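Just my_file-v5.txt here, compact mmCIF, N, CA and C atoms:
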# COMPACT_ATOMS: atom_id res chain seq x y z
N MET W 1 55.12 -118.87 69.97
CA MET W 1 56.10 -119.92 70.08
C MET W 1 55.70 -120.85 71.22
N GLY W 2 56.09 -122.08 71.13
CA GLY W 2 55.78 -123.07 72.16
C GLY W 2 56.83 -123.10 73.26
N TYR W 3 57.09 -121.97 73.85
CA TYR W 3 58.09 -121.82 74.92
C TYR W 3 57.46 -121.16 76.13
N THR W 4 57.99 -121.47 77.30
CA THR W 4 57.69 -120.67 78.48
C THR W 4 58.68 -119.51 78.48
N PRO W 5 58.41 -118.43 79.21
CA PRO W 5 59.39 -117.34 79.27
C PRO W 5 60.76 -117.82 79.76
N LYS W 6 60.78 -118.73 80.71
CA LYS W 6 62.05 -119.25 81.25
C LYS W 6 62.83 -120.01 80.18
N GLU W 7 62.14 -120.86 79.40
CA GLU W 7 62.79 -121.61 78.33
C GLU W 7 63.34 -120.67 77.25
N PHE W 8 62.54 -119.67 76.91
CA PHE W 8 62.96 -118.70 75.89
C PHE W 8 64.23 -117.98 76.33
N LYS W 9 64.24 -117.47 77.54
CA LYS W 9 65.40 -116.75 78.07
C LYS W 9 66.62 -117.65 78.11
N LYS W 10 66.44 -118.89 78.53
CA LYS W 10 67.56 -119.83 78.61
C LYS W 10 68.17 -120.08 77.24
N THR W 11 67.34 -120.25 76.23
CA THR W 11 67.84 -120.48 74.87
C THR W 11 68.48 -119.22 74.31
N LEU W 12 67.83 -118.07 74.48
CA LEU W 12 68.35 -116.80 73.96
C LEU W 12 69.70 -116.46 74.58
N GLN W 13 69.80 -116.58 75.88
CA GLN W 13 71.03 -116.20 76.56
C GLN W 13 72.02 -117.36 76.67
N GLY W 14 71.65 -118.50 76.12
CA GLY W 14 72.52 -119.67 76.15
C GLY W 14 73.16 -119.89 74.79
N LEU W 15 72.77 -120.98 74.14
CA LEU W 15 73.40 -121.38 72.87
C LEU W 15 73.27 -120.33 71.78
N PHE W 16 72.14 -119.62 71.72
CA PHE W 16 71.96 -118.63 70.66
C PHE W 16 73.05 -117.57 70.72
N ILE W 17 73.40 -117.13 71.90
CA ILE W 17 74.41 -116.08 72.05
C ILE W 17 75.83 -116.65 72.06
N THR W 18 76.02 -117.77 72.72
CA THR W 18 77.39 -118.30 72.86
C THR W 18 77.91 -118.93 71.57
N GLN W 19 77.02 -119.34 70.67
CA GLN W 19 77.47 -120.01 69.45
C GLN W 19 77.27 -119.17 68.19
N THR W 20 76.94 -117.89 68.35
CA THR W 20 76.76 -117.00 67.20
C THR W 20 77.55 -115.72 67.43
N SER W 21 77.49 -114.82 66.46
CA SER W 21 78.18 -113.54 66.60
C SER W 21 77.32 -112.48 67.28
N TYR W 22 76.14 -112.88 67.78
CA TYR W 22 75.23 -111.93 68.39
C TYR W 22 75.53 -111.74 69.88
N ALA W 23 75.27 -110.53 70.35
CA ALA W 23 75.35 -110.22 71.78
C ALA W 23 73.95 -109.84 72.24
N CYS W 24 73.67 -110.11 73.50
CA CYS W 24 72.33 -109.92 74.04
C CYS W 24 72.40 -109.11 75.33
N GLU W 25 71.61 -108.05 75.39
CA GLU W 25 71.50 -107.27 76.62
C GLU W 25 70.06 -107.36 77.11
N GLU W 26 69.90 -107.84 78.33
CA GLU W 26 68.56 -107.96 78.92
C GLU W 26 68.18 -106.62 79.52
N LEU W 27 67.11 -106.02 78.99
CA LEU W 27 66.64 -104.73 79.49
C LEU W 27 65.57 -104.89 80.55
N SER W 28 64.84 -106.00 80.50
CA SER W 28 63.90 -106.40 81.54
C SER W 28 63.72 -107.90 81.41
N HIS W 29 62.93 -108.51 82.27
CA HIS W 29 62.79 -109.97 82.22
C HIS W 29 62.04 -110.45 80.97
N ARG W 30 61.52 -109.53 80.16
CA ARG W 30 60.81 -109.92 78.93
C ARG W 30 61.19 -109.04 77.73
N TYR W 31 62.39 -108.44 77.81
CA TYR W 31 62.79 -107.50 76.75
C TYR W 31 64.31 -107.52 76.61
N TRP W 32 64.79 -107.75 75.36
CA TRP W 32 66.23 -107.84 75.10
C TRP W 32 66.60 -107.02 73.87
N GLN W 33 67.84 -106.54 73.85
CA GLN W 33 68.41 -105.92 72.65
C GLN W 33 69.50 -106.84 72.13
N ILE W 34 69.47 -107.07 70.84
CA ILE W 34 70.45 -107.93 70.20
C ILE W 34 71.33 -107.06 69.29
N THR W 35 72.64 -107.25 69.41
CA THR W 35 73.59 -106.53 68.58
C THR W 35 74.60 -107.50 67.99
N VAL W 36 75.31 -107.02 67.00
CA VAL W 36 76.48 -107.70 66.49
C VAL W 36 77.64 -106.85 66.98
N GLU W 37 78.69 -107.48 67.48
CA GLU W 37 79.79 -106.76 68.12
C GLU W 37 80.24 -105.56 67.30
N GLY W 38 80.29 -104.41 67.97
CA GLY W 38 80.78 -103.18 67.35
C GLY W 38 79.80 -102.46 66.46
N GLU W 39 78.55 -102.92 66.42
CA GLU W 39 77.54 -102.29 65.57
C GLU W 39 76.36 -101.83 66.41
N PRO W 40 75.52 -100.95 65.85
CA PRO W 40 74.34 -100.49 66.61
C PRO W 40 73.34 -101.64 66.81
N THR W 41 72.32 -101.37 67.59
CA THR W 41 71.30 -102.38 67.88
C THR W 41 70.71 -102.93 66.59
N LEU W 42 70.68 -104.24 66.50
CA LEU W 42 70.11 -104.91 65.33
C LEU W 42 68.60 -105.08 65.51
N VAL W 43 68.20 -105.60 66.68
CA VAL W 43 66.79 -105.91 66.90
C VAL W 43 66.47 -105.90 68.39
N ASP W 44 65.27 -105.45 68.71
CA ASP W 44 64.73 -105.58 70.06
C ASP W 44 63.77 -106.75 70.03
N ILE W 45 63.80 -107.56 71.08
CA ILE W 45 62.90 -108.70 71.20
C ILE W 45 62.07 -108.53 72.46
N LYS W 46 60.77 -108.64 72.32
CA LYS W 46 59.86 -108.58 73.47
C LYS W 46 59.00 -109.83 73.45
N ILE W 47 58.70 -110.33 74.65
CA ILE W 47 57.85 -111.52 74.76
C ILE W 47 56.70 -111.24 75.70
N GLU W 48 55.62 -112.00 75.50
CA GLU W 48 54.45 -111.93 76.37
C GLU W 48 53.83 -113.32 76.44
N GLU W 49 53.59 -113.78 77.63
CA GLU W 49 52.99 -115.09 77.82
C GLU W 49 51.51 -115.03 77.48
N ALA W 50 51.04 -116.00 76.71
CA ALA W 50 49.64 -116.10 76.32
C ALA W 50 49.04 -117.34 76.97
N PRO W 51 47.71 -117.47 76.96
CA PRO W 51 47.10 -118.68 77.52
C PRO W 51 47.61 -119.93 76.80
N PRO W 52 47.80 -121.01 77.52
CA PRO W 52 48.31 -122.23 76.90
C PRO W 52 47.29 -122.84 75.94
N ARG W 53 47.81 -123.62 75.00
CA ARG W 53 46.95 -124.39 74.10
C ARG W 53 46.71 -125.74 74.76
N ILE W 54 45.47 -126.13 74.80
CA ILE W 54 45.12 -127.41 75.41
C ILE W 54 44.51 -128.28 74.32
N ILE W 55 45.17 -129.42 74.07
CA ILE W 55 44.71 -130.38 73.08
C ILE W 55 44.56 -131.72 73.81
N ALA W 56 43.31 -132.08 74.06
CA ALA W 56 43.00 -133.28 74.85
C ALA W 56 43.71 -133.19 76.20
N LEU W 57 44.62 -134.11 76.49
CA LEU W 57 45.34 -134.07 77.77
C LEU W 57 46.67 -133.33 77.69
N LEU W 58 46.98 -132.79 76.52
CA LEU W 58 48.25 -132.10 76.29
C LEU W 58 48.08 -130.59 76.47
N THR W 59 48.95 -129.97 77.26
CA THR W 59 48.95 -128.53 77.45
C THR W 59 50.28 -127.99 76.95
N LEU W 60 50.21 -127.05 75.99
CA LEU W 60 51.40 -126.47 75.39
C LEU W 60 51.50 -124.99 75.75
N PRO W 61 52.69 -124.53 76.14
CA PRO W 61 52.85 -123.10 76.42
C PRO W 61 52.75 -122.29 75.13
N VAL W 62 52.32 -121.05 75.25
CA VAL W 62 52.25 -120.14 74.11
C VAL W 62 52.94 -118.84 74.52
N LEU W 63 53.88 -118.42 73.69
CA LEU W 63 54.63 -117.20 73.96
C LEU W 63 54.57 -116.33 72.71
N ASN W 64 54.02 -115.13 72.86
CA ASN W 64 54.03 -114.17 71.76
C ASN W 64 55.38 -113.48 71.75
N VAL W 65 56.00 -113.38 70.58
CA VAL W 65 57.33 -112.80 70.43
C VAL W 65 57.28 -111.71 69.37
N TRP W 66 57.81 -110.53 69.71
CA TRP W 66 57.87 -109.42 68.77
C TRP W 66 59.32 -109.08 68.48
N PHE W 67 59.61 -108.86 67.19
CA PHE W 67 60.93 -108.44 66.74
C PHE W 67 60.79 -107.02 66.18
N ASP W 68 61.58 -106.11 66.70
CA ASP W 68 61.58 -104.73 66.22
C ASP W 68 62.99 -104.44 65.68
N PHE W 69 63.15 -104.58 64.36
CA PHE W 69 64.46 -104.38 63.76
C PHE W 69 64.81 -102.90 63.74
N LYS W 70 66.04 -102.61 64.09
CA LYS W 70 66.51 -101.23 64.19
C LYS W 70 67.37 -100.89 62.98
N GLU W 71 68.59 -100.51 63.23
CA GLU W 71 69.50 -100.07 62.17
C GLU W 71 70.09 -101.28 61.45
N SER W 72 69.28 -101.87 60.55
CA SER W 72 69.71 -103.07 59.84
C SER W 72 69.08 -103.09 58.46
N ASN W 73 69.76 -103.75 57.55
CA ASN W 73 69.21 -103.89 56.20
C ASN W 73 68.51 -105.24 56.07
N GLU W 74 67.90 -105.49 54.93
CA GLU W 74 67.13 -106.72 54.74
C GLU W 74 67.99 -107.97 54.86
N GLU W 75 69.23 -107.92 54.40
CA GLU W 75 70.12 -109.07 54.49
C GLU W 75 70.44 -109.39 55.95
N GLN W 76 70.73 -108.38 56.76
CA GLN W 76 71.01 -108.60 58.19
C GLN W 76 69.78 -109.17 58.89
N GLN W 77 68.60 -108.67 58.54
CA GLN W 77 67.37 -109.16 59.15
C GLN W 77 67.13 -110.62 58.78
N ALA W 78 67.32 -110.95 57.51
CA ALA W 78 67.12 -112.34 57.06
C ALA W 78 68.13 -113.27 57.74
N ASP W 79 69.38 -112.85 57.86
CA ASP W 79 70.40 -113.66 58.54
C ASP W 79 70.02 -113.89 59.99
N PHE W 80 69.54 -112.83 60.66
CA PHE W 80 69.15 -112.95 62.06
C PHE W 80 68.00 -113.96 62.21
N ILE W 81 66.96 -113.80 61.40
CA ILE W 81 65.79 -114.68 61.51
C ILE W 81 66.19 -116.13 61.23
N LYS W 82 67.02 -116.36 60.22
CA LYS W 82 67.47 -117.72 59.90
C LYS W 82 68.21 -118.32 61.09
N THR W 83 69.11 -117.56 61.69
CA THR W 83 69.87 -118.04 62.85
C THR W 83 68.95 -118.24 64.05
N PHE W 84 68.05 -117.30 64.29
CA PHE W 84 67.12 -117.39 65.41
C PHE W 84 66.32 -118.69 65.33
N PHE W 85 65.74 -118.96 64.17
CA PHE W 85 64.92 -120.16 64.03
C PHE W 85 65.74 -121.43 64.12
N LYS W 86 66.99 -121.38 63.72
CA LYS W 86 67.87 -122.55 63.86
C LYS W 86 68.01 -122.94 65.32
N TYR W 87 68.17 -121.97 66.20
CA TYR W 87 68.38 -122.25 67.62
C TYR W 87 67.07 -122.43 68.40
N PHE W 88 65.98 -121.91 67.88
CA PHE W 88 64.70 -121.99 68.60
C PHE W 88 63.75 -123.05 68.04
N HIS W 89 64.15 -123.77 67.02
CA HIS W 89 63.30 -124.81 66.43
C HIS W 89 63.13 -125.96 67.43
N LYS W 90 61.89 -126.36 67.64
CA LYS W 90 61.59 -127.50 68.51
C LYS W 90 60.93 -128.59 67.68
N GLY W 91 61.11 -129.79 68.10
CA GLY W 91 60.39 -130.89 67.46
C GLY W 91 61.14 -131.51 66.30
N GLY W 92 60.48 -132.39 65.64
CA GLY W 92 61.08 -133.12 64.52
C GLY W 92 60.81 -132.44 63.21
N GLY W 93 61.34 -133.03 62.15
CA GLY W 93 61.22 -132.60 60.76
C GLY W 93 60.23 -131.61 60.48
Spit out the file's structure as structure tokens when you get a sec.
Amino acid sequence: MGYTPKEFKKTLQGLFITQTSYACEELSHRYWQITVEGEPTLVDIKIEEAPPRIIALLTLPVLNVWFDFKESNEEQQADFIKTFFKYFHKGGG
């Protein structure tokens, strides 16, 4: 993803959590558990900073993101991914 760890955390713990039914528990500065209220863990999210992409004079951050789905079915996973990308989408069309 084209995020710095700080930007990712701000988005995850900001609008993504406050405007959805998801709750977020930070287990470390690069590891979170996501739940839906009253249910077991839906997904663990881990991030790792990678070397930036450099295109001419432009430098873009690169963040590797891993999703480890727990006690969830395919529909819950698809709903989560759809919502996640809605809040983490950058750029135009």
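Going from atom CA of W:Asn73 over to atom CA of W:His89, you cover 24.0 Å.
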Quiz item: How many Å separate atom CA of W:Pro52 from atom CA of W:Lys6?
Solution: 14.7 Å
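For the pair atom C of W:Leu60 and atom N of W:Ala78, the interatomic distance is 27.9 Å.
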Exercise. Run DSSP on the backbone and give me the residues of chain W it puts in helix (DSSP H, G or I), as a ChimeraX atom specification.
Key: /W:5-12,15-18,74-88
With N, CA and C atoms retained, could you export that selection as a compact mmCIF listing (two decimals), in the coordinates of the input?
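For reference, result-v3.txt as written:
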# COMPACT_ATOMS: atom_id res chain seq x y z
N PRO W 5 58.41 -118.43 79.21
CA PRO W 5 59.39 -117.34 79.27
C PRO W 5 60.76 -117.82 79.76
N LYS W 6 60.78 -118.73 80.71
CA LYS W 6 62.05 -119.25 81.25
C LYS W 6 62.83 -120.01 80.18
N GLU W 7 62.14 -120.86 79.40
CA GLU W 7 62.79 -121.61 78.33
C GLU W 7 63.34 -120.67 77.25
N PHE W 8 62.54 -119.67 76.91
CA PHE W 8 62.96 -118.70 75.89
C PHE W 8 64.23 -117.98 76.33
N LYS W 9 64.24 -117.47 77.54
CA LYS W 9 65.40 -116.75 78.07
C LYS W 9 66.62 -117.65 78.11
N LYS W 10 66.44 -118.89 78.53
CA LYS W 10 67.56 -119.83 78.61
C LYS W 10 68.17 -120.08 77.24
N THR W 11 67.34 -120.25 76.23
CA THR W 11 67.84 -120.48 74.87
C THR W 11 68.48 -119.22 74.31
N LEU W 12 67.83 -118.07 74.48
CA LEU W 12 68.35 -116.80 73.96
C LEU W 12 69.70 -116.46 74.58
N LEU W 15 72.77 -120.98 74.14
CA LEU W 15 73.40 -121.38 72.87
C LEU W 15 73.27 -120.33 71.78
N PHE W 16 72.14 -119.62 71.72
CA PHE W 16 71.96 -118.63 70.66
C PHE W 16 73.05 -117.57 70.72
N ILE W 17 73.40 -117.13 71.90
CA ILE W 17 74.41 -116.08 72.05
C ILE W 17 75.83 -116.65 72.06
N THR W 18 76.02 -117.77 72.72
CA THR W 18 77.39 -118.30 72.86
C THR W 18 77.91 -118.93 71.57
N GLU W 74 67.90 -105.49 54.93
CA GLU W 74 67.13 -106.72 54.74
C GLU W 74 67.99 -107.97 54.86
N GLU W 75 69.23 -107.92 54.40
CA GLU W 75 70.12 -109.07 54.49
C GLU W 75 70.44 -109.39 55.95
N GLN W 76 70.73 -108.38 56.76
CA GLN W 76 71.01 -108.60 58.19
C GLN W 76 69.78 -109.17 58.89
N GLN W 77 68.60 -108.67 58.54
CA GLN W 77 67.37 -109.16 59.15
C GLN W 77 67.13 -110.62 58.78
N ALA W 78 67.32 -110.95 57.51
CA ALA W 78 67.12 -112.34 57.06
C ALA W 78 68.13 -113.27 57.74
N ASP W 79 69.38 -112.85 57.86
CA ASP W 79 70.40 -113.66 58.54
C ASP W 79 70.02 -113.89 59.99
N PHE W 80 69.54 -112.83 60.66
CA PHE W 80 69.15 -112.95 62.06
C PHE W 80 68.00 -113.96 62.21
N ILE W 81 66.96 -113.80 61.40
CA ILE W 81 65.79 -114.68 61.51
C ILE W 81 66.19 -116.13 61.23
N LYS W 82 67.02 -116.36 60.22
CA LYS W 82 67.47 -117.72 59.90
C LYS W 82 68.21 -118.32 61.09
N THR W 83 69.11 -117.56 61.69
CA THR W 83 69.87 -118.04 62.85
C THR W 83 68.95 -118.24 64.05
N PHE W 84 68.05 -117.30 64.29
CA PHE W 84 67.12 -117.39 65.41
C PHE W 84 66.32 -118.69 65.33
N PHE W 85 65.74 -118.96 64.17
CA PHE W 85 64.92 -120.16 64.03
C PHE W 85 65.74 -121.43 64.12
N LYS W 86 66.99 -121.38 63.72
CA LYS W 86 67.87 -122.55 63.86
C LYS W 86 68.01 -122.94 65.32
N TYR W 87 68.17 -121.97 66.20
CA TYR W 87 68.38 -122.25 67.62
C TYR W 87 67.07 -122.43 68.40
N PHE W 88 65.98 -121.91 67.88
CA PHE W 88 64.70 -121.99 68.60
C PHE W 88 63.75 -123.05 68.04
Quiz item: Excluding same-chain residues fewer than 3 positions from W:Val65, what lies within 7 Å of it counting all atoms listed in the file, as a VMD selection string?
Solution: chain W and resid 1 45 to 48
Practice problem: From stretch 2-73 of chain W, collect each residue whose DSSP state is strand (DSSP E or B) and return the set as JSON, numbers by chain. | Solution: {"W": [22, 23, 24, 25, 26, 27, 28, 31, 32, 33, 34, 35, 36, 41, 42, 43, 44, 45, 46, 47, 48, 49, 50, 51, 52, 53, 54, 55, 58, 59, 60, 61, 62, 63, 64, 65, 66, 67, 68, 69]}
Quiz prompt | 8 Å contact set for W:Glu49, only C-alpha atoms, chain neighbours under 3 positions out, as number ranges by chain | solution = W: 4-5, 62-64
Quiz item: Of the candidates W:Tyr87, W:Ala56, W:Ser72, W:Phe67, which shows the shortest atom-to-atom distance to W:Gln19, using only C-alpha atoms?
Solution: W:Tyr87
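Once W:Asp68 and its same-chain neighbours fewer than 5 positions away are set aside, Leu42, Val43, Asp44 and Ile45 of chain W remain within 6 Å of it when counting all atoms listed in the file.
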Please, could you write that set of residues out with N, CA and C atoms as a PDB file, in the coordinates of the input?
ATOM      1  N   LEU W  42      70.680-104.240  66.500  1.00  0.00           N
ATOM      2  CA  LEU W  42      70.110-104.910  65.330  1.00  0.00           C
ATOM      3  C   LEU W  42      68.600-105.080  65.510  1.00  0.00           C
ATOM      4  N   VAL W  43      68.200-105.600  66.680  1.00  0.00           N
ATOM      5  CA  VAL W  43      66.790-105.910  66.900  1.00  0.00           C
ATOM      6  C   VAL W  43      66.470-105.900  68.390  1.00  0.00           C
ATOM      7  N   ASP W  44      65.270-105.450  68.710  1.00  0.00           N
ATOM      8  CA  ASP W  44      64.730-105.580  70.060  1.00  0.00           C
ATOM      9  C   ASP W  44      63.770-106.750  70.030  1.00  0.00           C
ATOM     10  N   ILE W  45      63.800-107.560  71.080  1.00  0.00           N
ATOM     11  CA  ILE W  45      62.900-108.700  71.200  1.00  0.00           C
ATOM     12  C   ILE W  45      62.070-108.530  72.460  1.00  0.00           C
TER      13      ILE W  45
END
